[in-house]
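The file target-v9.cif comes next; it holds mmCIF, C-alpha atoms.
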data_work
loop_
_atom_site.group_PDB
_atom_site.id
_atom_site.type_symbol
_atom_site.label_atom_id
_atom_site.label_comp_id
_atom_site.auth_asym_id
_atom_site.auth_seq_id
_atom_site.Cartn_x
_atom_site.Cartn_y
_atom_site.Cartn_z
ATOM 1 C CA MET A 93 103.892 93.861 -1.194
ATOM 2 C CA THR A 94 105.313 90.382 -1.937
ATOM 3 C CA VAL A 95 105.040 89.229 -5.546
ATOM 4 C CA ILE A 96 106.506 92.098 -7.562
ATOM 5 C CA ALA A 97 106.538 90.513 -11.002
ATOM 6 C CA ALA A 98 105.994 87.026 -12.424
ATOM 7 C CA TYR A 99 106.095 86.439 -16.175
ATOM 8 C CA LEU A 100 106.676 83.752 -18.735
ATOM 9 C CA TYR A 101 109.323 84.620 -21.341
ATOM 10 C CA ARG A 102 109.886 83.065 -24.734
ATOM 11 C CA ASP A 103 112.578 84.056 -27.228
ATOM 12 C CA GLY A 104 113.418 87.095 -25.108
ATOM 13 C CA ARG A 105 109.893 88.480 -24.999
ATOM 14 C CA ARG A 106 107.326 88.641 -22.258
ATOM 15 C CA ILE A 107 104.458 86.272 -23.062
ATOM 16 C CA ARG A 108 102.068 86.535 -20.125
ATOM 17 C CA PRO A 109 101.864 86.865 -16.340
ATOM 18 C CA VAL A 110 101.955 83.724 -14.198
ATOM 19 C CA THR A 111 100.942 82.949 -10.624
ATOM 20 C CA ILE A 112 103.273 81.455 -8.060
ATOM 21 C CA ASP A 113 101.149 78.289 -7.815
ATOM 22 C CA GLU A 114 100.939 77.776 -11.580
ATOM 23 C CA GLY A 115 103.030 74.963 -12.962
ATOM 24 C CA ILE A 116 104.516 75.940 -16.313
ATOM 25 C CA GLU A 117 105.639 73.355 -18.844
ATOM 26 C CA CYS A 118 108.420 75.134 -20.656
ATOM 27 C CA ALA A 119 109.945 73.945 -23.890
ATOM 28 C CA ARG A 120 113.316 72.275 -23.817
ATOM 29 C CA ASP A 121 114.741 75.337 -25.475
ATOM 30 C CA LYS A 122 116.309 77.473 -22.723
ATOM 31 C CA SER A 123 114.902 80.630 -24.273
ATOM 32 C CA GLU A 124 111.568 79.823 -22.590
ATOM 33 C CA PHE A 125 111.535 80.308 -18.838
ATOM 34 C CA VAL A 126 109.672 81.864 -15.927
ATOM 35 C CA TRP A 127 111.072 84.816 -13.970
ATOM 36 C CA ILE A 128 109.410 85.482 -10.641
ATOM 37 C CA GLY A 129 110.463 88.323 -8.356
ATOM 38 C CA VAL A 130 109.193 88.554 -4.784
ATOM 39 C CA ALA A 131 110.053 90.879 -1.910
ATOM 40 C CA ASP A 132 109.730 90.013 1.789
ATOM 41 C CA PRO A 133 107.484 86.998 1.090
ATOM 42 C CA SER A 134 105.467 85.199 3.727
ATOM 43 C CA VAL A 135 106.193 81.624 4.753
ATOM 44 C CA GLU A 136 103.049 80.452 2.946
ATOM 45 C CA GLU A 137 104.130 82.097 -0.297
ATOM 46 C CA MET A 138 107.576 80.516 -0.109
ATOM 47 C CA GLN A 139 106.037 77.125 0.569
ATOM 48 C CA THR A 140 103.805 77.596 -2.479
ATOM 49 C CA LEU A 141 106.825 78.404 -4.628
ATOM 50 C CA ALA A 142 108.638 75.389 -3.199
ATOM 51 C CA ARG A 143 105.811 73.044 -4.169
ATOM 52 C CA THR A 144 105.397 74.559 -7.621
ATOM 53 C CA TYR A 145 109.078 74.580 -8.595
ATOM 54 C CA ASP A 146 110.360 71.749 -6.394
ATOM 55 C CA LEU A 147 112.662 73.989 -4.350
ATOM 56 C CA HIS A 148 114.836 72.344 -1.725
ATOM 57 C CA PRO A 149 113.564 72.821 1.859
ATOM 58 C CA LEU A 150 116.961 73.962 3.171
ATOM 59 C CA ALA A 151 117.214 76.623 0.475
ATOM 60 C CA VAL A 152 113.661 77.778 1.182
ATOM 61 C CA GLU A 153 114.477 78.022 4.895
ATOM 62 C CA ASP A 154 117.551 80.158 4.177
ATOM 63 C CA ALA A 155 115.544 82.406 1.866
ATOM 64 C CA ILE A 156 112.940 82.972 4.570
ATOM 65 C CA LYS A 157 115.407 83.693 7.392
ATOM 66 C CA ALA A 158 117.519 86.037 5.219
ATOM 67 C CA ASN A 159 120.555 85.968 7.509
ATOM 68 C CA GLN A 160 123.102 84.231 5.294
ATOM 69 C CA LEU A 161 126.461 85.287 3.940
ATOM 70 C CA PRO A 162 126.865 85.163 0.143
ATOM 71 C CA LYS A 163 127.094 81.578 -1.070
ATOM 72 C CA VAL A 164 126.242 79.101 -3.832
ATOM 73 C CA ASP A 165 124.513 75.804 -2.998
ATOM 74 C CA ILE A 166 123.739 72.986 -5.419
ATOM 75 C CA TYR A 167 120.526 71.011 -4.935
ATOM 76 C CA ASN A 168 120.213 68.314 -7.596
ATOM 77 C CA ASP A 169 119.748 70.207 -10.872
ATOM 78 C CA GLN A 170 119.053 73.585 -9.255
ATOM 79 C CA LEU A 171 121.229 76.356 -7.861
ATOM 80 C CA PHE A 172 120.559 78.412 -4.769
ATOM 81 C CA VAL A 173 122.506 81.662 -4.613
ATOM 82 C CA VAL A 174 122.626 84.175 -1.774
ATOM 83 C CA ALA A 175 123.888 87.704 -2.448
ATOM 84 C CA ARG A 176 124.017 90.687 -0.112
ATOM 85 C CA THR A 177 122.784 94.098 -1.193
ATOM 86 C CA ALA A 178 123.989 97.362 0.318
ATOM 87 C CA HIS A 179 122.684 100.906 0.547
ATOM 88 C CA VAL A 180 123.369 104.018 2.617
ATOM 89 C CA GLU A 181 120.881 105.109 5.255
ATOM 90 C CA ASP A 182 121.583 107.886 7.800
ATOM 91 C CA ASP A 183 125.314 107.931 6.918
ATOM 92 C CA ALA A 184 125.587 104.201 7.583
ATOM 93 C CA ILE A 185 125.850 101.204 5.249
ATOM 94 C CA CYS A 186 122.791 98.987 5.593
ATOM 95 C CA TYR A 187 122.505 95.505 4.128
ATOM 96 C CA GLY A 188 119.805 93.435 2.538
ATOM 97 C CA GLU A 189 119.721 89.967 1.061
ATOM 98 C CA THR A 190 118.683 88.613 -2.323
ATOM 99 C CA SER A 191 118.223 84.875 -2.797
ATOM 100 C CA ILE A 192 118.167 83.361 -6.268
ATOM 101 C CA PHE A 193 116.609 79.991 -7.129
ATOM 102 C CA LEU A 194 117.892 79.009 -10.562
ATOM 103 C CA GLY A 195 116.600 76.128 -12.639
ATOM 104 C CA LYS A 196 116.677 75.272 -16.321
ATOM 105 C CA ASP A 197 113.282 76.850 -16.938
ATOM 106 C CA HIS A 198 112.865 79.276 -14.035
ATOM 107 C CA ILE A 199 114.567 81.910 -11.944
ATOM 108 C CA ILE A 200 113.071 83.139 -8.669
ATOM 109 C CA THR A 201 114.530 86.141 -6.860
ATOM 110 C CA VAL A 202 113.624 86.736 -3.218
ATOM 111 C CA ARG A 203 114.562 90.150 -1.827
ATOM 112 C CA HIS A 204 114.792 91.175 1.839
ATOM 113 C CA GLY A 205 115.707 94.710 2.935
ATOM 114 C CA SER A 206 116.904 95.796 -0.478
ATOM 115 C CA ALA A 207 116.557 99.473 -1.363
ATOM 116 C CA ARG A 208 116.822 98.829 -5.118
ATOM 117 C CA ALA A 209 114.019 96.955 -6.846
ATOM 118 C CA HIS A 210 114.587 94.819 -9.955
ATOM 119 C CA ILE A 211 111.906 96.616 -11.979
ATOM 120 C CA MET A 212 114.481 98.757 -13.793
ATOM 121 C CA LEU A 213 116.697 95.735 -14.419
ATOM 122 C CA ARG A 214 113.778 93.754 -15.840
ATOM 123 C CA THR A 215 112.881 96.675 -18.117
ATOM 124 C CA GLU A 216 116.463 96.943 -19.381
ATOM 125 C CA LEU A 217 116.629 93.216 -20.138
ATOM 126 C CA GLU A 218 113.258 93.200 -21.882
ATOM 127 C CA ALA A 219 114.497 96.042 -24.079
ATOM 128 C CA VAL A 220 117.170 93.670 -25.474
ATOM 129 C CA PRO A 221 115.323 90.437 -26.386
ATOM 130 C CA THR A 222 118.432 88.799 -27.840
ATOM 131 C CA ARG A 223 120.073 88.893 -24.435
ATOM 132 C CA LEU A 224 116.991 87.780 -22.509
ATOM 133 C CA ALA A 225 116.503 84.908 -24.961
ATOM 134 C CA GLN A 226 119.784 83.348 -23.846
ATOM 135 C CA GLY A 227 118.093 81.878 -20.806
ATOM 136 C CA ALA A 228 117.642 82.101 -17.047
ATOM 137 C CA ASP A 229 121.384 81.826 -16.345
ATOM 138 C CA TYR A 230 121.953 85.145 -18.140
ATOM 139 C CA VAL A 231 119.225 86.683 -15.999
ATOM 140 C CA ALA A 232 121.037 85.355 -12.910
ATOM 141 C CA HIS A 233 124.194 87.103 -14.109
ATOM 142 C CA ALA A 234 122.262 90.330 -14.673
ATOM 143 C CA VAL A 235 120.820 90.189 -11.130
ATOM 144 C CA LEU A 236 124.242 89.609 -9.545
ATOM 145 C CA ASP A 237 125.782 92.339 -11.680
ATOM 146 C CA PHE A 238 122.960 94.692 -10.664
ATOM 147 C CA ILE A 239 123.626 93.981 -6.978
ATOM 148 C CA VAL A 240 127.405 94.434 -7.253
ATOM 149 C CA ASP A 241 127.052 97.647 -9.268
ATOM 150 C CA GLY A 242 125.183 99.076 -6.283
ATOM 151 C CA TYR A 243 128.349 98.797 -4.175
ATOM 152 C CA LEU A 244 130.421 101.297 -6.161
ATOM 153 C CA PRO A 245 128.412 104.500 -5.440
ATOM 154 C CA ILE A 246 128.585 103.698 -1.716
ATOM 155 C CA ILE A 247 132.364 103.403 -1.740
ATOM 156 C CA GLU A 248 132.766 106.469 -3.959
ATOM 157 C CA GLY A 249 130.702 108.486 -1.471
ATOM 158 C CA ILE A 250 132.908 107.322 1.399
ATOM 159 C CA GLU A 251 135.989 108.099 -0.698
ATOM 160 C CA GLU A 252 134.881 111.718 -1.126
ATOM 161 C CA GLU A 253 134.333 112.030 2.617
ATOM 162 C CA VAL A 254 137.762 110.560 3.365
ATOM 163 C CA VAL A 255 139.457 112.983 0.952
ATOM 164 C CA SER A 256 137.687 115.844 2.720
ATOM 165 C CA MET A 257 138.942 114.490 6.062
ATOM 166 C CA GLU A 258 142.502 114.476 4.724
ATOM 167 C CA GLN A 259 142.277 118.166 3.835
ATOM 168 C CA THR A 260 140.676 118.986 7.183
ATOM 169 C CA MET A 261 143.458 117.167 8.997
ATOM 170 C CA LEU A 262 146.084 119.276 7.224
ATOM 171 C CA ASP A 263 144.293 122.533 8.035
ATOM 172 C CA HIS A 264 143.508 122.058 11.728
ATOM 173 C CA PHE A 265 143.120 119.545 14.528
ATOM 174 C CA LEU A 266 140.494 116.854 14.050
ATOM 175 C CA GLY A 267 137.687 117.307 16.544
ATOM 176 C CA ARG A 268 135.978 114.619 18.587
ATOM 177 C CA GLU A 269 133.168 114.247 16.041
ATOM 178 C CA GLU A 270 135.620 113.805 13.188
ATOM 179 C CA VAL A 271 137.660 111.214 15.071
ATOM 180 C CA THR A 272 134.456 109.368 15.945
ATOM 181 C CA ARG A 273 133.464 109.432 12.279
ATOM 182 C CA ILE A 274 136.825 107.939 11.298
ATOM 183 C CA PHE A 275 136.308 104.992 13.642
ATOM 184 C CA ASN A 276 132.722 104.538 12.438
ATOM 185 C CA LEU A 277 133.858 104.469 8.819
ATOM 186 C CA ARG A 278 136.623 101.993 9.604
ATOM 187 C CA ARG A 279 134.133 99.713 11.339
ATOM 188 C CA GLN A 280 131.709 99.948 8.409
ATOM 189 C CA LEU A 281 134.449 99.196 5.888
ATOM 190 C CA ILE A 282 135.555 96.155 7.873
ATOM 191 C CA HIS A 283 131.968 94.896 7.858
ATOM 192 C CA PHE A 284 131.716 95.593 4.138
ATOM 193 C CA SER A 285 134.875 93.526 3.530
ATOM 194 C CA ARG A 286 133.206 90.582 5.260
ATOM 195 C CA ILE A 287 130.480 90.793 2.627
ATOM 196 C CA LEU A 288 132.760 91.362 -0.359
ATOM 197 C CA ILE A 289 135.045 88.390 0.289
ATOM 198 C CA PRO A 290 132.297 85.738 0.024
ATOM 199 C CA MET A 291 130.701 87.685 -2.857
ATOM 200 C CA HIS A 292 134.000 87.342 -4.711
ATOM 201 C CA GLU A 293 133.988 83.609 -3.952
ATOM 202 C CA VAL A 294 130.454 83.319 -5.339
ATOM 203 C CA ALA A 295 131.429 85.004 -8.607
ATOM 204 C CA THR A 296 134.571 82.856 -8.851
ATOM 205 C CA LYS A 297 132.528 79.663 -8.531
ATOM 206 C CA PHE A 298 130.333 80.717 -11.443
ATOM 207 C CA VAL A 299 133.455 81.315 -13.532
ATOM 208 C CA LYS A 300 135.523 78.248 -12.660
ATOM 209 C CA LEU A 301 133.124 75.489 -11.603
ATOM 210 C CA ASP A 302 130.859 73.379 -13.761
ATOM 211 C CA LEU A 303 127.547 74.318 -12.164
ATOM 212 C CA PRO A 304 124.100 73.055 -13.157
ATOM 213 C CA CYS A 305 121.905 75.515 -15.080
ATOM 214 C CA ILE A 306 124.980 77.542 -16.131
ATOM 215 C CA ASP A 307 126.107 77.076 -19.728
ATOM 216 C CA ALA A 308 129.769 77.356 -20.614
ATOM 217 C CA GLU A 309 128.967 80.344 -22.814
ATOM 218 C CA ALA A 310 127.625 82.232 -19.771
ATOM 219 C CA ARG A 311 130.724 81.879 -17.600
ATOM 220 C CA PRO A 312 132.658 84.820 -19.085
ATOM 221 C CA TYR A 313 129.787 87.100 -18.086
ATOM 222 C CA PHE A 314 130.230 86.167 -14.434
ATOM 223 C CA SER A 315 133.936 87.032 -14.637
ATOM 224 C CA ASP A 316 132.792 90.617 -15.133
ATOM 225 C CA VAL A 317 130.893 90.405 -11.829
ATOM 226 C CA ARG A 318 134.014 89.038 -10.153
ATOM 227 C CA ASP A 319 136.101 91.914 -11.526
ATOM 228 C CA HIS A 320 133.622 94.456 -10.170
ATOM 229 C CA VAL A 321 133.711 92.864 -6.722
ATOM 230 C CA ARG A 322 137.519 92.819 -6.786
ATOM 231 C CA ARG A 323 137.592 96.502 -7.753
ATOM 232 C CA VAL A 324 135.307 97.459 -4.864
ATOM 233 C CA GLN A 325 137.329 95.294 -2.467
ATOM 234 C CA THR A 326 140.531 97.073 -3.524
ATOM 235 C CA MET A 327 138.891 100.452 -2.959
ATOM 236 C CA VAL A 328 137.682 99.361 0.488
ATOM 237 C CA ASP A 329 141.172 98.188 1.470
ATOM 238 C CA ASP A 330 142.694 101.451 0.229
ATOM 239 C CA LEU A 331 140.156 103.520 2.158
ATOM 240 C CA ARG A 332 140.887 101.619 5.344
ATOM 241 C CA GLU A 333 144.580 102.360 4.900
ATOM 242 C CA ILE A 334 143.865 106.032 4.205
ATOM 243 C CA LEU A 335 141.673 106.322 7.309
ATOM 244 C CA ASN A 336 144.444 104.784 9.398
ATOM 245 C CA SER A 337 146.900 107.222 7.830
ATOM 246 C CA VAL A 338 144.600 110.197 8.457
ATOM 247 C CA PHE A 339 144.239 109.297 12.125
ATOM 248 C CA GLU A 340 147.957 108.637 12.645
ATOM 249 C CA SER A 341 148.994 111.750 10.703
ATOM 250 C CA SER A 342 146.545 113.835 12.703
ATOM 251 C CA ASN A 343 148.129 112.580 15.920
ATOM 252 C CA LEU A 344 151.640 113.327 14.642
ATOM 253 C CA LEU A 345 150.673 116.822 13.509
ATOM 254 C CA GLU A 346 148.958 117.469 16.815
ATOM 255 C CA GLN A 347 152.084 116.375 18.686
ATOM 256 C CA GLN A 348 154.202 118.590 16.436
ATOM 257 C CA ARG A 349 151.947 121.581 16.973
ATOM 258 C CA THR A 350 151.880 120.924 20.692
ATOM 259 C CA GLY A 351 155.691 120.821 20.687
ATOM 260 C CA ASP A 352 155.824 124.116 18.796
ATOM 261 C CA ILE A 353 153.506 125.725 21.324
ATOM 262 C CA THR A 354 155.592 124.326 24.187
ATOM 263 C CA ARG A 355 158.797 125.757 22.687
ATOM 264 C CA GLN A 356 157.127 129.130 22.140
ATOM 265 C CA LEU A 357 155.965 129.231 25.745
ATOM 266 C CA ALA A 358 159.456 128.269 26.933
ATOM 267 C CA ALA A 359 161.024 130.984 24.758
ATOM 268 C CA TRP A 360 158.685 133.695 26.042
ATOM 269 C CA ALA A 361 159.253 132.491 29.598
ATOM 270 C CA ALA A 362 163.014 132.864 29.083
ATOM 271 C CA ILE A 363 162.586 136.354 27.627
ATOM 272 C CA LEU A 364 160.286 137.496 30.411
ATOM 273 C CA ALA A 365 162.598 135.999 33.032
ATOM 274 C CA VAL A 366 165.169 138.784 32.395
ATOM 275 C CA PRO A 367 162.999 141.792 33.378
ATOM 276 C CA THR A 368 161.415 139.707 36.122
ATOM 277 C CA ALA A 369 164.822 138.916 37.634
ATOM 278 C CA ILE A 370 166.093 142.497 37.397
ATOM 279 C CA ALA A 371 162.857 143.948 38.746
ATOM 280 C CA GLY A 372 162.944 141.400 41.541
ATOM 281 C CA ILE A 373 166.459 142.389 42.546
ATOM 282 C CA TYR A 374 165.679 146.099 42.640
ATOM 283 C CA GLY A 375 162.499 145.388 44.505
ATOM 284 C CA MET A 376 164.446 144.200 47.548
ATOM 285 C CA ASN A 377 164.749 147.812 48.890
ATOM 286 C CA PHE A 378 168.353 147.533 50.129
ATOM 287 C CA ASP A 379 170.101 150.850 50.758
ATOM 288 C CA HIS A 380 173.398 149.930 49.168
ATOM 289 C CA MET A 381 172.593 148.756 45.662
ATOM 290 C CA PRO A 382 174.365 149.874 42.471
ATOM 291 C CA GLU A 383 172.778 152.628 40.436
ATOM 292 C CA LEU A 384 170.108 153.402 43.055
ATOM 293 C CA ARG A 385 171.193 157.006 43.489
ATOM 294 C CA THR A 386 172.555 157.492 39.959
ATOM 295 C CA ARG A 387 170.610 160.029 37.944
ATOM 296 C CA PHE A 388 170.437 157.820 34.825
ATOM 297 C CA GLY A 389 170.185 154.503 36.661
ATOM 298 C CA TYR A 390 166.565 153.867 35.737
ATOM 299 C CA PRO A 391 166.921 154.356 31.963
ATOM 300 C CA VAL A 392 170.165 152.358 32.036
ATOM 301 C CA VAL A 393 168.423 149.407 33.683
ATOM 302 C CA ILE A 394 165.500 149.666 31.259
ATOM 303 C CA GLY A 395 167.940 149.756 28.364
ATOM 304 C CA VAL A 396 169.775 146.688 29.654
ATOM 305 C CA ILE A 397 166.439 144.860 29.944
ATOM 306 C CA LEU A 398 165.430 145.801 26.395
ATOM 307 C CA PHE A 399 168.826 144.852 25.016
ATOM 308 C CA ILE A 400 168.859 141.423 26.610
ATOM 309 C CA CYS A 401 165.212 140.730 25.668
ATOM 310 C CA THR A 402 165.864 141.780 22.064
ATOM 311 C CA LEU A 403 168.952 139.587 21.930
ATOM 312 C CA LEU A 404 167.008 136.592 23.237
ATOM 313 C CA TYR A 405 164.107 137.283 20.897
ATOM 314 C CA SER A 406 166.422 137.338 17.873
ATOM 315 C CA ARG A 407 168.073 134.123 18.989
ATOM 316 C CA PHE A 408 164.775 132.284 19.459
ATOM 317 C CA LYS A 409 163.527 133.640 16.151
ATOM 318 C CA LYS A 410 166.500 132.060 14.383
ATOM 319 C CA LEU A 411 165.744 128.786 16.122
ATOM 320 C CA LYS A 412 162.116 129.147 14.916
ATOM 321 C CA TRP A 413 160.809 128.923 18.444
ATOM 322 C CA LEU A 414 158.727 132.068 17.960
#

Is it possible to express this structure as C-alpha cells?
Amino acid sequence: MTVIAAYLYRDGRRIRPVTIDEGIECARDKSEFVWIGVADPSVEEMQTLARTYDLHPLAVEDAIKANQLPKVDIYNDQLFVVARTAHVEDDAICYGETSIFLGKDHIITVRHGSARAHIMLRTELEAVPTRLAQGADYVAHAVLDFIVDGYLPIIEGIEEEVVSMEQTMLDHFLGREEVTRIFNLRRQLIHFSRILIPMHEVATKFVKLDLPCIDAEARPYFSDVRDHVRRVQTMVDDLREILNSVFESSNLLEQQRTGDITRQLAAWAAILAVPTAIAGIYGMNFDHMPELRTRFGYPVVIGVILFICTLLYSRFKKLKWL
C-alpha cells in the first residue's frame, strides 16, 4: 500500500479524489489545496510526485531514504519537514519517519515505519471545516501535533514501569533481569532524547522564523507543538535521573543488607565461640583439670556457657546486630 489518500479540499471540505500525476490549478485563496498521504512509496511514485508538484530533488532523496533526523529545509517557496514517529514494539521504542512537503496549495506526507496512520487525523480535521479551510499550513501543524502526541503514551508507560521498579528495589534485591531492564531503558531514553532535541528545534523554527507557506496567524499553533515536545523531554530527563537513582539506591541497600548479614554472622560466631572454647578445653582429657571430679561440675559449666551466651546475645541485640 502506497497512496493512502489524495484529495482536493476547498473551503474546508473534501471536493474530489486526485491522482499523484494530476496537476491541480488551485485558486489563490489558501483554503483550496491538495492533501496527499503516501506510505512507503516506491522511487517511481516519488519521482511522479516530484514532477507534478515541482519537489526539490534533495528533499525527494531524503524522503525516499528515510534516515534523517528531524529538520526543516527551505527550497524556494516550499518547505520540507522531517519528523520522527515513535511506537512501542516488544518492550522497545521503535522509530519511523514522516516527511512533509508543504507548498501554498499542497501538502504531501510521506510515512515510513509509522505505526499510526493519518486516517483518523484526516477524519478529525474534515469534521471541522473551519479549521481545515485555513490552509495547508494548519494541516502541517496538525500532522506534527499528531506525531508529537504519540510520544506521551510511550513515556507514561515507561514511567509506570520505573515506579514499579522503585517499589521492587525497596522490597528486595534487584535481580539480573531487572538490572538489565534498567540499562535497556536508560539506553532507549538516551536515544529518544536524540530525537526530541531536533524535534524541539523544528517546532521552534516554525514559531520564530519567517518561513514560506506559514502565515503569521499559524505560528502560535506550532508553539503548542513545541510545548508538547518540551514536556516529553522533561519527562525523559526525569526518568533517566530516576533510573540512575534506582540503580544507585539498589546498590547502597544491597551493601547495607550485606553489612547487616556480615554483622549478624560475626555476632553469632562470637556467641558460639564461648561454648566452643570451653568444650575444646575440657576435650583435652588432662587428668588434673578443675571441676572434672566435682559432682556438679557439668551443670556448672553448662550454666556458665548459657550465662555468657545470654549476656553476649543481649549485648548484640542492643547493638542491633541480631

Would you mind reading off the distance between CA of Arg355 (chain A) and CA of Pro367 (chain A), one decimal, in Å?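 CA of Pro367 (chain A) lies 19.7 Å from CA of Arg355 (chain A).
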
Selection result for the PyMOL selection byres ((chain A and resi 205-211) around 9) on this file, as a list in words: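 Checked against the file, the PyMOL selection byres ((chain A and resi 205-211) around 9) matches Ile96, Ala97, Gly129, Ala131, Asp132, Arg176, Thr177, Ala178, His179, Cys186, Tyr187, Gly188, Glu189, Thr190, Arg203, His204, Met212, Leu213, Arg214, Thr215, Glu216, Val235, Phe238, Ile239 and Gly242 of chain A.
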
Proximity to Leu277 (chain A) - best of A:His292, A:Arg332, A:His264, A:Arg223, all atoms listed in the file: A:Arg332

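Picked out by the PyMOL selection byres ((chain A and resi 405) around 12) when it runs on this file: Gln356, Ala358, Ala359, Trp360, Ala361, Ala362, Ile363, Leu364, Val366, Leu398, Phe399, Ile400, Cys401, Thr402, Leu403, Leu404, Ser406, Arg407, Phe408, Lys409, Lys410, Leu411, Lys412, Trp413 and Leu414 of chain A.
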
How many Å lie between CA of Arg323 (chain A) and CA of Ser285 (chain A), rounded to one decimal?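 Rounded to one decimal, the two atoms are 12.0 Å apart.
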
A:Glu258, A:Leu100, A:Leu331, A:Arg106 ranked by distance to Leu281 (chain A), top pick (using all atoms listed in the file):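 So, comparing all the options, the nearest one is A:Leu331.
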
Could you please determine the separation between CA of Val324 (chain A) and CA of Asp182 (chain A) in Å, to one decimal place? 21.4 Å

Taking (117.3, 71.5, -12.6) in the file's coordinates as the center, which residues reach within 12 Å of it, counting all atoms listed in the file, put as an NGL selection string? :A and (120 or 122 or 145-148 or 166-172 or 193-199 or 228-229 or 303-306)

Can you find the residues with an atom no farther than 7 Å from (127.7, 87.8, -2.7), counting only C-alpha atoms, and report them as a list in words?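 Result, sorted by chain then residue number: Pro162, Lys163, Val174, Ala175, Arg176, Ile287, Leu288, Pro290, Met291, His292 and Val294 of chain A.
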
Which neighbours of Val95 (chain A) fall inside 12 Å, counting all atoms listed in the file, when residues of the same chain fewer than 4 positions from it are skipped, and could you give them as a list in words?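 Non-adjacent residues within range: Tyr99, Pro109, Val110, Thr111, Ile112, Asp113, Trp127, Ile128, Gly129, Val130, Ala131, Asp132, Pro133, Ser134, Glu137, Met138, Leu141, Ile200, Thr201, Val202, Arg203, Ala209, His210 and Ile211 of chain A.
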
Write a file of the selected residues as a PDB file, in the coordinates of the input, keeping C-alpha atoms.
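Here's the written file part_25.pdb:
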ATOM      1  CA  TYR A  99     106.095  86.439 -16.175  1.00  0.00           C
ATOM      2  CA  PRO A 109     101.864  86.865 -16.340  1.00  0.00           C
ATOM      3  CA  VAL A 110     101.955  83.724 -14.198  1.00  0.00           C
ATOM      4  CA  THR A 111     100.942  82.949 -10.624  1.00  0.00           C
ATOM      5  CA  ILE A 112     103.273  81.455  -8.060  1.00  0.00           C
ATOM      6  CA  ASP A 113     101.149  78.289  -7.815  1.00  0.00           C
ATOM      7  CA  TRP A 127     111.072  84.816 -13.970  1.00  0.00           C
ATOM      8  CA  ILE A 128     109.410  85.482 -10.641  1.00  0.00           C
ATOM      9  CA  GLY A 129     110.463  88.323  -8.356  1.00  0.00           C
ATOM     10  CA  VAL A 130     109.193  88.554  -4.784  1.00  0.00           C
ATOM     11  CA  ALA A 131     110.053  90.879  -1.910  1.00  0.00           C
ATOM     12  CA  ASP A 132     109.730  90.013   1.789  1.00  0.00           C
ATOM     13  CA  PRO A 133     107.484  86.998   1.090  1.00  0.00           C
ATOM     14  CA  SER A 134     105.467  85.199   3.727  1.00  0.00           C
ATOM     15  CA  GLU A 137     104.130  82.097  -0.297  1.00  0.00           C
ATOM     16  CA  MET A 138     107.576  80.516  -0.109  1.00  0.00           C
ATOM     17  CA  LEU A 141     106.825  78.404  -4.628  1.00  0.00           C
ATOM     18  CA  ILE A 200     113.071  83.139  -8.669  1.00  0.00           C
ATOM     19  CA  THR A 201     114.530  86.141  -6.860  1.00  0.00           C
ATOM     20  CA  VAL A 202     113.624  86.736  -3.218  1.00  0.00           C
ATOM     21  CA  ARG A 203     114.562  90.150  -1.827  1.00  0.00           C
ATOM     22  CA  ALA A 209     114.019  96.955  -6.846  1.00  0.00           C
ATOM     23  CA  HIS A 210     114.587  94.819  -9.955  1.00  0.00           C
ATOM     24  CA  ILE A 211     111.906  96.616 -11.979  1.00  0.00           C
TER      25      ILE A 211
END

The PyMOL selection byres ((chain A and resi 221) around 12) - which residues does that actually catch in the file I just gave you? List them as a list in words.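 With the shown file as input, the PyMOL selection byres ((chain A and resi 221) around 12) matches Tyr101, Arg102, Asp103, Gly104, Arg105, Arg106, Ser123, Glu124, Arg214, Thr215, Glu216, Leu217, Glu218, Ala219, Val220, Thr222, Arg223, Leu224, Ala225, Gln226, Gly227, Tyr230 and Val231 of chain A.
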